[in-house]
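**Student:** My structure is stored as start.csv, with CSV, all heavy atoms.
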chain,number,residue,atom,x,y,z
A,1,MET,N,-4.1,17.8,17.8
A,1,MET,CA,-3.8,16.4,18.0
A,1,MET,C,-4.2,15.7,16.7
A,1,MET,O,-5.3,15.1,16.6
A,1,MET,CB,-4.6,15.9,19.1
A,1,MET,CG,-4.1,16.2,20.5
A,1,MET,SD,-4.9,15.3,21.8
A,1,MET,CE,-6.1,16.5,22.2
A,2,TRP,N,-3.4,15.7,15.7
A,2,TRP,CA,-3.7,15.1,14.4
A,2,TRP,C,-2.7,13.9,14.3
A,2,TRP,O,-1.5,14.0,14.6
A,2,TRP,CB,-3.5,16.1,13.3
A,2,TRP,CG,-4.4,17.2,13.4
A,2,TRP,CD1,-4.1,18.4,14.0
A,2,TRP,CD2,-5.8,17.3,13.0
A,2,TRP,NE1,-5.2,19.3,13.9
A,2,TRP,CE2,-6.3,18.6,13.4
A,2,TRP,CE3,-6.7,16.4,12.4
A,2,TRP,CZ2,-7.6,19.0,13.1
A,2,TRP,CZ3,-8.0,16.8,12.2
A,2,TRP,CH2,-8.4,18.1,12.5
A,3,ARG,N,-3.2,12.8,13.8
A,3,ARG,CA,-2.3,11.7,13.5
A,3,ARG,C,-1.4,11.8,12.3
A,3,ARG,O,-0.4,11.2,12.3
A,3,ARG,CB,-3.2,10.4,13.4
A,3,ARG,CG,-3.8,10.0,14.6
A,3,ARG,CD,-4.7,8.7,14.4
A,3,ARG,NE,-5.4,8.5,15.6
A,3,ARG,CZ,-5.4,7.3,16.3
A,3,ARG,NH1,-4.7,6.3,15.8
A,3,ARG,NH2,-6.0,7.1,17.4
A,4,THR,N,-1.8,12.6,11.4
A,4,THR,CA,-1.0,13.0,10.2
A,4,THR,C,-0.6,14.4,10.4
A,4,THR,O,-1.5,15.3,10.7
A,4,THR,CB,-1.8,12.7,8.9
A,4,THR,OG1,-2.2,11.4,8.8
A,4,THR,CG2,-1.0,13.1,7.7
A,5,ASP,N,0.6,14.7,10.2
A,5,ASP,CA,1.1,16.1,10.2
A,5,ASP,C,0.3,16.9,9.2
A,5,ASP,O,0.3,16.6,8.0
A,5,ASP,CB,2.6,16.3,10.0
A,5,ASP,CG,3.3,15.7,11.2
A,5,ASP,OD1,2.8,15.7,12.3
A,5,ASP,OD2,4.5,15.2,11.0
A,6,LEU,N,-0.2,18.1,9.6
A,6,LEU,CA,-0.9,19.0,8.7
A,6,LEU,C,0.1,20.0,8.2
A,6,LEU,O,0.8,20.6,9.0
A,6,LEU,CB,-2.1,19.6,9.3
A,6,LEU,CG,-3.3,18.7,9.7
A,6,LEU,CD1,-4.3,19.6,10.4
A,6,LEU,CD2,-3.8,18.0,8.6
A,7,PRO,N,0.1,20.3,6.9
A,7,PRO,CA,0.8,21.4,6.4
A,7,PRO,C,0.3,22.7,7.0
A,7,PRO,O,-0.8,22.8,7.5
A,7,PRO,CB,0.5,21.5,4.9
A,7,PRO,CG,0.1,20.1,4.5
A,7,PRO,CD,-0.6,19.6,5.8
A,8,ALA,N,1.1,23.8,7.1
A,8,ALA,CA,0.8,25.0,7.8
A,8,ALA,C,-0.6,25.6,7.4
A,8,ALA,O,-1.4,25.9,8.3
A,8,ALA,CB,1.9,26.0,7.6
A,9,GLY,N,-0.9,25.6,6.1
A,9,GLY,CA,-2.2,26.1,5.6
A,9,GLY,C,-3.3,25.3,6.1
A,9,GLY,O,-4.4,25.9,6.6
A,10,LEU,N,-3.2,24.0,6.1
A,10,LEU,CA,-4.3,23.2,6.6
A,10,LEU,C,-4.5,23.3,8.1
A,10,LEU,O,-5.6,23.3,8.7
A,10,LEU,CB,-4.1,21.7,6.1
A,10,LEU,CG,-4.2,21.5,4.6
A,10,LEU,CD1,-4.0,20.0,4.3
A,10,LEU,CD2,-5.6,22.0,4.1
A,11,ALA,N,-3.3,23.3,8.8
A,11,ALA,CA,-3.4,23.5,10.3
A,11,ALA,C,-4.0,24.8,10.7
A,11,ALA,O,-4.9,24.8,11.6
A,11,ALA,CB,-2.0,23.4,10.8
A,12,ALA,N,-3.7,25.8,10.0
A,12,ALA,CA,-4.4,27.1,10.2
A,12,ALA,C,-5.9,27.1,10.0
A,12,ALA,O,-6.7,27.6,10.8
A,12,ALA,CB,-3.7,28.2,9.4
A,13,ALA,N,-6.3,26.4,8.9
A,13,ALA,CA,-7.7,26.3,8.6
A,13,ALA,C,-8.4,25.4,9.7
A,13,ALA,O,-9.5,25.8,10.1
A,13,ALA,CB,-7.9,25.6,7.2
A,14,ALA,N,-7.8,24.4,10.1
A,14,ALA,CA,-8.4,23.5,11.2
A,14,ALA,C,-8.5,24.3,12.5
A,14,ALA,O,-9.5,24.2,13.2
A,14,ALA,CB,-7.5,22.3,11.4
A,15,ASP,N,-7.5,25.0,12.9
A,15,ASP,CA,-7.5,25.8,14.1
A,15,ASP,C,-8.6,26.9,14.0
A,15,ASP,O,-9.3,27.1,15.0
A,15,ASP,CB,-6.1,26.5,14.3
A,15,ASP,CG,-5.1,25.5,14.7
A,15,ASP,OD1,-5.4,24.4,15.2
A,15,ASP,OD2,-3.9,25.8,14.6
A,16,GLU,N,-8.7,27.6,12.9
A,16,GLU,CA,-9.7,28.6,12.8
A,16,GLU,C,-11.1,28.0,12.8
A,16,GLU,O,-12.0,28.6,13.5
A,16,GLU,CB,-9.6,29.3,11.4
A,16,GLU,CG,-10.6,30.3,11.1
A,16,GLU,CD,-10.7,31.5,12.2
A,16,GLU,OE1,-9.7,31.8,12.8
A,16,GLU,OE2,-11.9,32.0,12.3
A,17,ALA,N,-11.3,26.9,12.2
A,17,ALA,CA,-12.6,26.2,12.3
A,17,ALA,C,-13.0,25.9,13.7
A,17,ALA,O,-14.1,26.1,14.2
A,17,ALA,CB,-12.6,24.9,11.4
A,18,GLU,N,-12.0,25.3,14.5
A,18,GLU,CA,-12.3,24.9,15.8
A,18,GLU,C,-12.5,26.1,16.7
A,18,GLU,O,-13.3,26.1,17.6
A,18,GLU,CB,-11.2,24.0,16.3
A,18,GLU,CG,-11.3,22.7,15.6
A,18,GLU,CD,-10.2,21.7,16.0
A,18,GLU,OE1,-9.2,22.1,16.7
A,18,GLU,OE2,-10.3,20.5,15.7
A,19,ARG,N,-11.8,27.2,16.5
A,19,ARG,CA,-12.0,28.4,17.3
A,19,ARG,C,-13.4,29.0,17.0
A,19,ARG,O,-13.9,29.7,17.9
A,19,ARG,CB,-10.9,29.5,16.9
A,19,ARG,CG,-9.6,29.3,17.7
A,19,ARG,CD,-8.7,30.6,17.5
A,19,ARG,NE,-8.4,30.9,16.2
A,19,ARG,CZ,-7.4,30.3,15.5
A,19,ARG,NH1,-6.6,29.5,16.1
A,19,ARG,NH2,-7.2,30.7,14.2
A,20,SER,N,-13.9,28.8,15.8
A,20,SER,CA,-15.2,29.3,15.5
A,20,SER,C,-16.4,28.3,15.9
A,20,SER,O,-17.5,28.6,15.5
A,20,SER,CB,-15.3,29.5,13.9
A,20,SER,OG,-14.3,30.5,13.6
A,21,GLY,N,-16.0,27.3,16.6
A,21,GLY,CA,-17.0,26.3,17.1
A,21,GLY,C,-17.4,25.3,16.1
A,21,GLY,O,-18.4,24.6,16.3
A,22,ARG,N,-16.7,25.1,15.0
A,22,ARG,CA,-17.0,24.1,14.0
A,22,ARG,C,-16.0,22.9,14.3
A,22,ARG,O,-15.0,23.0,14.9
A,22,ARG,CB,-16.8,24.6,12.6
A,22,ARG,CG,-17.8,25.7,12.3
A,22,ARG,CD,-17.7,26.3,10.9
A,22,ARG,NE,-16.4,26.9,10.6
A,22,ARG,CZ,-16.1,28.2,10.8
A,22,ARG,NH1,-17.0,29.0,11.2
A,22,ARG,NH2,-14.9,28.7,10.5
A,23,THR,N,-16.4,21.8,13.8
A,23,THR,CA,-15.5,20.6,13.9
A,23,THR,C,-14.7,20.5,12.6
A,23,THR,O,-15.2,20.5,11.5
A,23,THR,CB,-16.4,19.3,14.0
A,23,THR,OG1,-17.2,19.4,15.2
A,23,THR,CG2,-15.6,18.1,14.1
A,24,ALA,N,-13.4,20.3,12.8
A,24,ALA,CA,-12.5,20.2,11.7
A,24,ALA,C,-12.2,18.7,11.4
A,24,ALA,O,-11.9,18.0,12.4
A,24,ALA,CB,-11.2,21.0,11.9
A,25,VAL,N,-12.3,18.3,10.2
A,25,VAL,CA,-12.0,16.9,9.8
A,25,VAL,C,-10.9,17.0,8.7
A,25,VAL,O,-11.1,17.5,7.7
A,25,VAL,CB,-13.3,16.2,9.2
A,25,VAL,CG1,-12.9,14.8,8.8
A,25,VAL,CG2,-14.4,16.3,10.2
A,26,ALA,N,-9.8,16.4,9.0
A,26,ALA,CA,-8.7,16.3,8.1
A,26,ALA,C,-8.9,15.1,7.1
A,26,ALA,O,-9.3,14.0,7.6
A,26,ALA,CB,-7.3,16.2,8.8
A,27,VAL,N,-8.7,15.4,5.9
A,27,VAL,CA,-8.8,14.3,4.8
A,27,VAL,C,-7.4,14.0,4.3
A,27,VAL,O,-6.7,14.9,3.9
A,27,VAL,CB,-9.7,14.8,3.7
A,27,VAL,CG1,-9.8,13.7,2.6
A,27,VAL,CG2,-11.1,15.2,4.2
A,28,ALA,N,-7.1,12.7,4.4
A,28,ALA,CA,-5.7,12.3,4.0
A,28,ALA,C,-5.8,11.0,3.2
A,28,ALA,O,-6.7,10.2,3.4
A,28,ALA,CB,-4.8,12.2,5.2
A,29,TRP,N,-4.8,10.9,2.3
A,29,TRP,CA,-4.6,9.6,1.6
A,29,TRP,C,-3.1,9.5,1.3
A,29,TRP,O,-2.4,10.5,1.2
A,29,TRP,CB,-5.5,9.4,0.4
A,29,TRP,CG,-5.4,10.3,-0.7
A,29,TRP,CD1,-4.6,10.3,-1.8
A,29,TRP,CD2,-6.2,11.5,-0.8
A,29,TRP,NE1,-4.8,11.4,-2.6
A,29,TRP,CE2,-5.8,12.1,-2.0
A,29,TRP,CE3,-7.2,12.2,-0.1
A,29,TRP,CZ2,-6.3,13.3,-2.5
A,29,TRP,CZ3,-7.7,13.3,-0.5
A,29,TRP,CH2,-7.3,13.9,-1.7
A,30,ASP,N,-2.6,8.3,1.2
A,30,ASP,CA,-1.2,8.0,0.9
A,30,ASP,C,-0.3,8.7,2.0
A,30,ASP,O,0.7,9.2,1.7
A,30,ASP,CB,-0.8,8.5,-0.5
A,30,ASP,CG,-1.4,7.7,-1.6
A,30,ASP,OD1,-1.7,6.5,-1.3
A,30,ASP,OD2,-1.5,8.2,-2.7
A,31,GLY,N,-0.9,8.8,3.2
A,31,GLY,CA,-0.1,9.3,4.3
A,31,GLY,C,0.1,10.8,4.3
A,31,GLY,O,0.9,11.4,5.1
A,32,ARG,N,-0.7,11.5,3.5
A,32,ARG,CA,-0.5,13.0,3.4
A,32,ARG,C,-1.9,13.7,3.5
A,32,ARG,O,-2.8,13.3,2.8
A,32,ARG,CB,0.1,13.3,2.0
A,32,ARG,CG,1.0,14.5,2.0
A,32,ARG,CD,1.7,14.6,0.7
A,32,ARG,NE,1.1,15.8,0.1
A,32,ARG,CZ,1.1,16.1,-1.2
A,32,ARG,NH1,1.6,15.2,-2.0
A,32,ARG,NH2,0.6,17.2,-1.6
A,33,ALA,N,-2.0,14.7,4.4
A,33,ALA,CA,-3.2,15.5,4.5
A,33,ALA,C,-3.4,16.3,3.3
A,33,ALA,O,-2.5,16.9,2.7
A,33,ALA,CB,-3.1,16.4,5.7
A,34,ARG,N,-4.6,16.3,2.8
A,34,ARG,CA,-5.0,16.9,1.5
A,34,ARG,C,-6.0,18.1,1.7
A,34,ARG,O,-6.0,19.0,0.8
A,34,ARG,CB,-5.5,16.0,0.5
A,34,ARG,CG,-4.7,14.7,0.3
A,34,ARG,CD,-3.4,14.9,-0.4
A,34,ARG,NE,-2.7,13.7,-0.5
A,34,ARG,CZ,-2.0,13.3,-1.5
A,34,ARG,NH1,-1.9,14.1,-2.6
A,34,ARG,NH2,-1.3,12.2,-1.5
A,35,ALA,N,-6.8,18.0,2.7
A,35,ALA,CA,-7.9,19.0,2.9
A,35,ALA,C,-8.4,19.0,4.3
A,35,ALA,O,-8.1,18.0,5.1
A,35,ALA,CB,-9.0,18.7,2.0
A,36,VAL,N,-9.0,20.0,4.7
A,36,VAL,CA,-9.7,20.1,6.0
A,36,VAL,C,-11.2,20.5,5.7
A,36,VAL,O,-11.4,21.5,5.0
A,36,VAL,CB,-9.1,21.2,6.9
A,36,VAL,CG1,-10.0,21.4,8.1
A,36,VAL,CG2,-7.7,20.7,7.3
A,37,LEU,N,-12.1,19.6,6.2
A,37,LEU,CA,-13.5,19.9,6.0
A,37,LEU,C,-14.0,20.5,7.3
A,37,LEU,O,-13.6,20.1,8.4
A,37,LEU,CB,-14.3,18.6,5.7
A,37,LEU,CG,-13.8,17.8,4.5
A,37,LEU,CD1,-14.6,16.5,4.4
A,37,LEU,CD2,-13.9,18.6,3.2
A,38,GLU,N,-15.0,21.4,7.2
A,38,GLU,CA,-15.6,22.0,8.4
A,38,GLU,C,-17.0,21.5,8.5
A,38,GLU,O,-17.7,21.6,7.6
A,38,GLU,CB,-15.5,23.5,8.4
A,38,GLU,CG,-14.1,24.0,8.3
A,38,GLU,CD,-14.1,25.6,8.3
A,38,GLU,OE1,-15.1,26.2,8.6
A,38,GLU,OE2,-13.1,26.1,7.9
A,39,VAL,N,-17.4,21.1,9.7
A,39,VAL,CA,-18.8,20.6,10.0
A,39,VAL,C,-19.4,21.5,11.1
A,39,VAL,O,-18.7,21.7,12.1
A,39,VAL,CB,-18.8,19.2,10.4
A,39,VAL,CG1,-20.2,18.7,10.7
A,39,VAL,CG2,-18.1,18.3,9.4
A,40,ALA,N,-20.6,22.0,10.8
A,40,ALA,CA,-21.2,22.9,11.8
A,40,ALA,C,-22.7,22.7,11.7
A,40,ALA,O,-23.3,22.3,10.7
A,40,ALA,CB,-20.9,24.3,11.6
A,41,ASP,N,-23.4,23.0,12.8
A,41,ASP,CA,-24.9,23.0,12.8
A,41,ASP,C,-25.3,24.1,13.6
A,41,ASP,O,-24.8,24.3,14.7
A,41,ASP,CB,-25.3,21.6,13.4
A,41,ASP,CG,-26.8,21.4,13.2
A,41,ASP,OD1,-27.5,22.1,12.4
A,41,ASP,OD2,-27.4,20.5,13.9
A,42,ALA,N,-26.2,24.9,13.1
A,42,ALA,CA,-26.7,26.1,13.8
A,42,ALA,C,-27.7,25.6,14.9
A,42,ALA,O,-28.5,24.7,14.8
A,42,ALA,CB,-27.5,27.0,12.8
A,43,VAL,N,-27.6,26.3,16.1
A,43,VAL,CA,-28.5,26.1,17.2
A,43,VAL,C,-29.8,26.7,16.8
A,43,VAL,O,-29.9,27.9,16.5
A,43,VAL,CB,-27.9,26.6,18.5
A,43,VAL,CG1,-28.9,26.4,19.6
A,43,VAL,CG2,-26.6,26.0,18.8
A,44,LYS,N,-30.9,25.9,17.0
A,44,LYS,CA,-32.2,26.4,16.6
A,44,LYS,C,-32.9,27.0,17.9
A,44,LYS,O,-32.5,26.7,19.0
A,44,LYS,CB,-33.0,25.2,16.1
A,44,LYS,CG,-32.5,24.6,14.8
A,44,LYS,CD,-33.3,23.4,14.4
A,44,LYS,CE,-32.8,22.8,13.1
A,44,LYS,NZ,-31.5,22.2,13.2
A,45,ASP,N,-33.8,28.0,17.6
A,45,ASP,CA,-34.5,28.6,18.7
A,45,ASP,C,-35.2,27.6,19.6
A,45,ASP,O,-35.5,27.9,20.8
A,45,ASP,CB,-35.4,29.7,18.2
A,45,ASP,CG,-34.7,30.8,17.5
A,45,ASP,OD1,-33.5,31.1,17.9
A,45,ASP,OD2,-35.3,31.5,16.7
A,46,THR,N,-35.7,26.5,19.0
A,46,THR,CA,-36.4,25.5,19.7
A,46,THR,C,-35.6,24.5,20.5
A,46,THR,O,-36.1,23.6,21.1
A,46,THR,CB,-37.4,24.7,18.7
A,46,THR,OG1,-36.5,24.2,17.7
A,46,THR,CG2,-38.4,25.7,18.1
A,47,SER,N,-34.2,24.6,20.4
A,47,SER,CA,-33.4,23.7,21.1
A,47,SER,C,-33.4,23.9,22.6
A,47,SER,O,-33.5,25.1,23.0
A,47,SER,CB,-31.9,23.8,20.6
A,47,SER,OG,-31.8,23.5,19.2
A,48,ALA,N,-33.3,22.8,23.3
A,48,ALA,CA,-33.3,22.9,24.8
A,48,ALA,C,-32.0,23.4,25.3
A,48,ALA,O,-31.0,23.2,24.7
A,48,ALA,CB,-33.7,21.6,25.4
Please lay out the structure from this file as structure tokens.
**Tutor:**
Amino acid sequence: MWRTDLPAGLAAAADEAERSGRTAVAVAWDGRARAVLEVADAVKDTSA
């Protein structure tokens, strides 16, 4: 569900990130997706 169409390579990267439990963030300007950033945080042993 992206507001800007992602090229095949970026869509694959976003899908892989999300399948791996990371959050994918598409970066775009001038109406064109340029990159996908992945955000993740490791669960700590002390987490509830």
**Student:** Have a look at atom CA of A:Glu16 and atom CA of A:Gly31 and let me know their distance in Å, one decimal.
**Tutor:**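 We find that atom CA of A:Glu16 and atom CA of A:Gly31 lie 23.2 Å from each other.
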**Student:** Quick check, in Å to one decimal: how far apart do atom CB of A:Arg34 and atom CD1 of A:Leu10 lie?
**Tutor:**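 Atom CB of A:Arg34 sits 5.7 Å away from atom CD1 of A:Leu10.
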**Student:** Please indicate the distance in Å from atom N of A:Gly9 to atom N of A:Asp41, rounded to one decimal place.
**Tutor:**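 It comes out at 23.6 Å.
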**Student:** Hey, which of A:Val43, A:Ala33, A:Asp5, A:Glu38 ends up closest to A:Ala17? Count only C-alpha atoms.
**Tutor:** A:Glu38
**Student:** Looking at all heavy atoms, which of A:Ala40, A:Ala35, A:Leu6, A:Ala11 is the one that sits closest to A:Thr23?
**Tutor:**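 Closest to A:Thr23, using all heavy atoms: A:Ala40.
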**Student:** In chain A, what's helix (DSSP H, G or I) per DSSP? Answer as a ChimeraX atom specification?
**Tutor:** /A:8-19
**Student:** With distances taken over only C-alpha atoms, which of A:Ala42, A:Ala13, A:Ala48, A:Pro7 is nearest to A:Ala28?
**Tutor:**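 Among the listed residues, A:Pro7 lies closest to A:Ala28.
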**Student:** Mind listing the strand (DSSP E) residues of chain A, per DSSP on the backbone, as a list of chain:residue names?
**Tutor:**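 Going through chain A, the strand (DSSP E) residues come out as A:Thr23, A:Ala24, A:Val25, A:Ala26, A:Val27, A:Ala28, A:Trp29, A:Arg32, A:Ala33, A:Arg34, A:Ala35, A:Val36, A:Leu37, A:Glu38, A:Val39.
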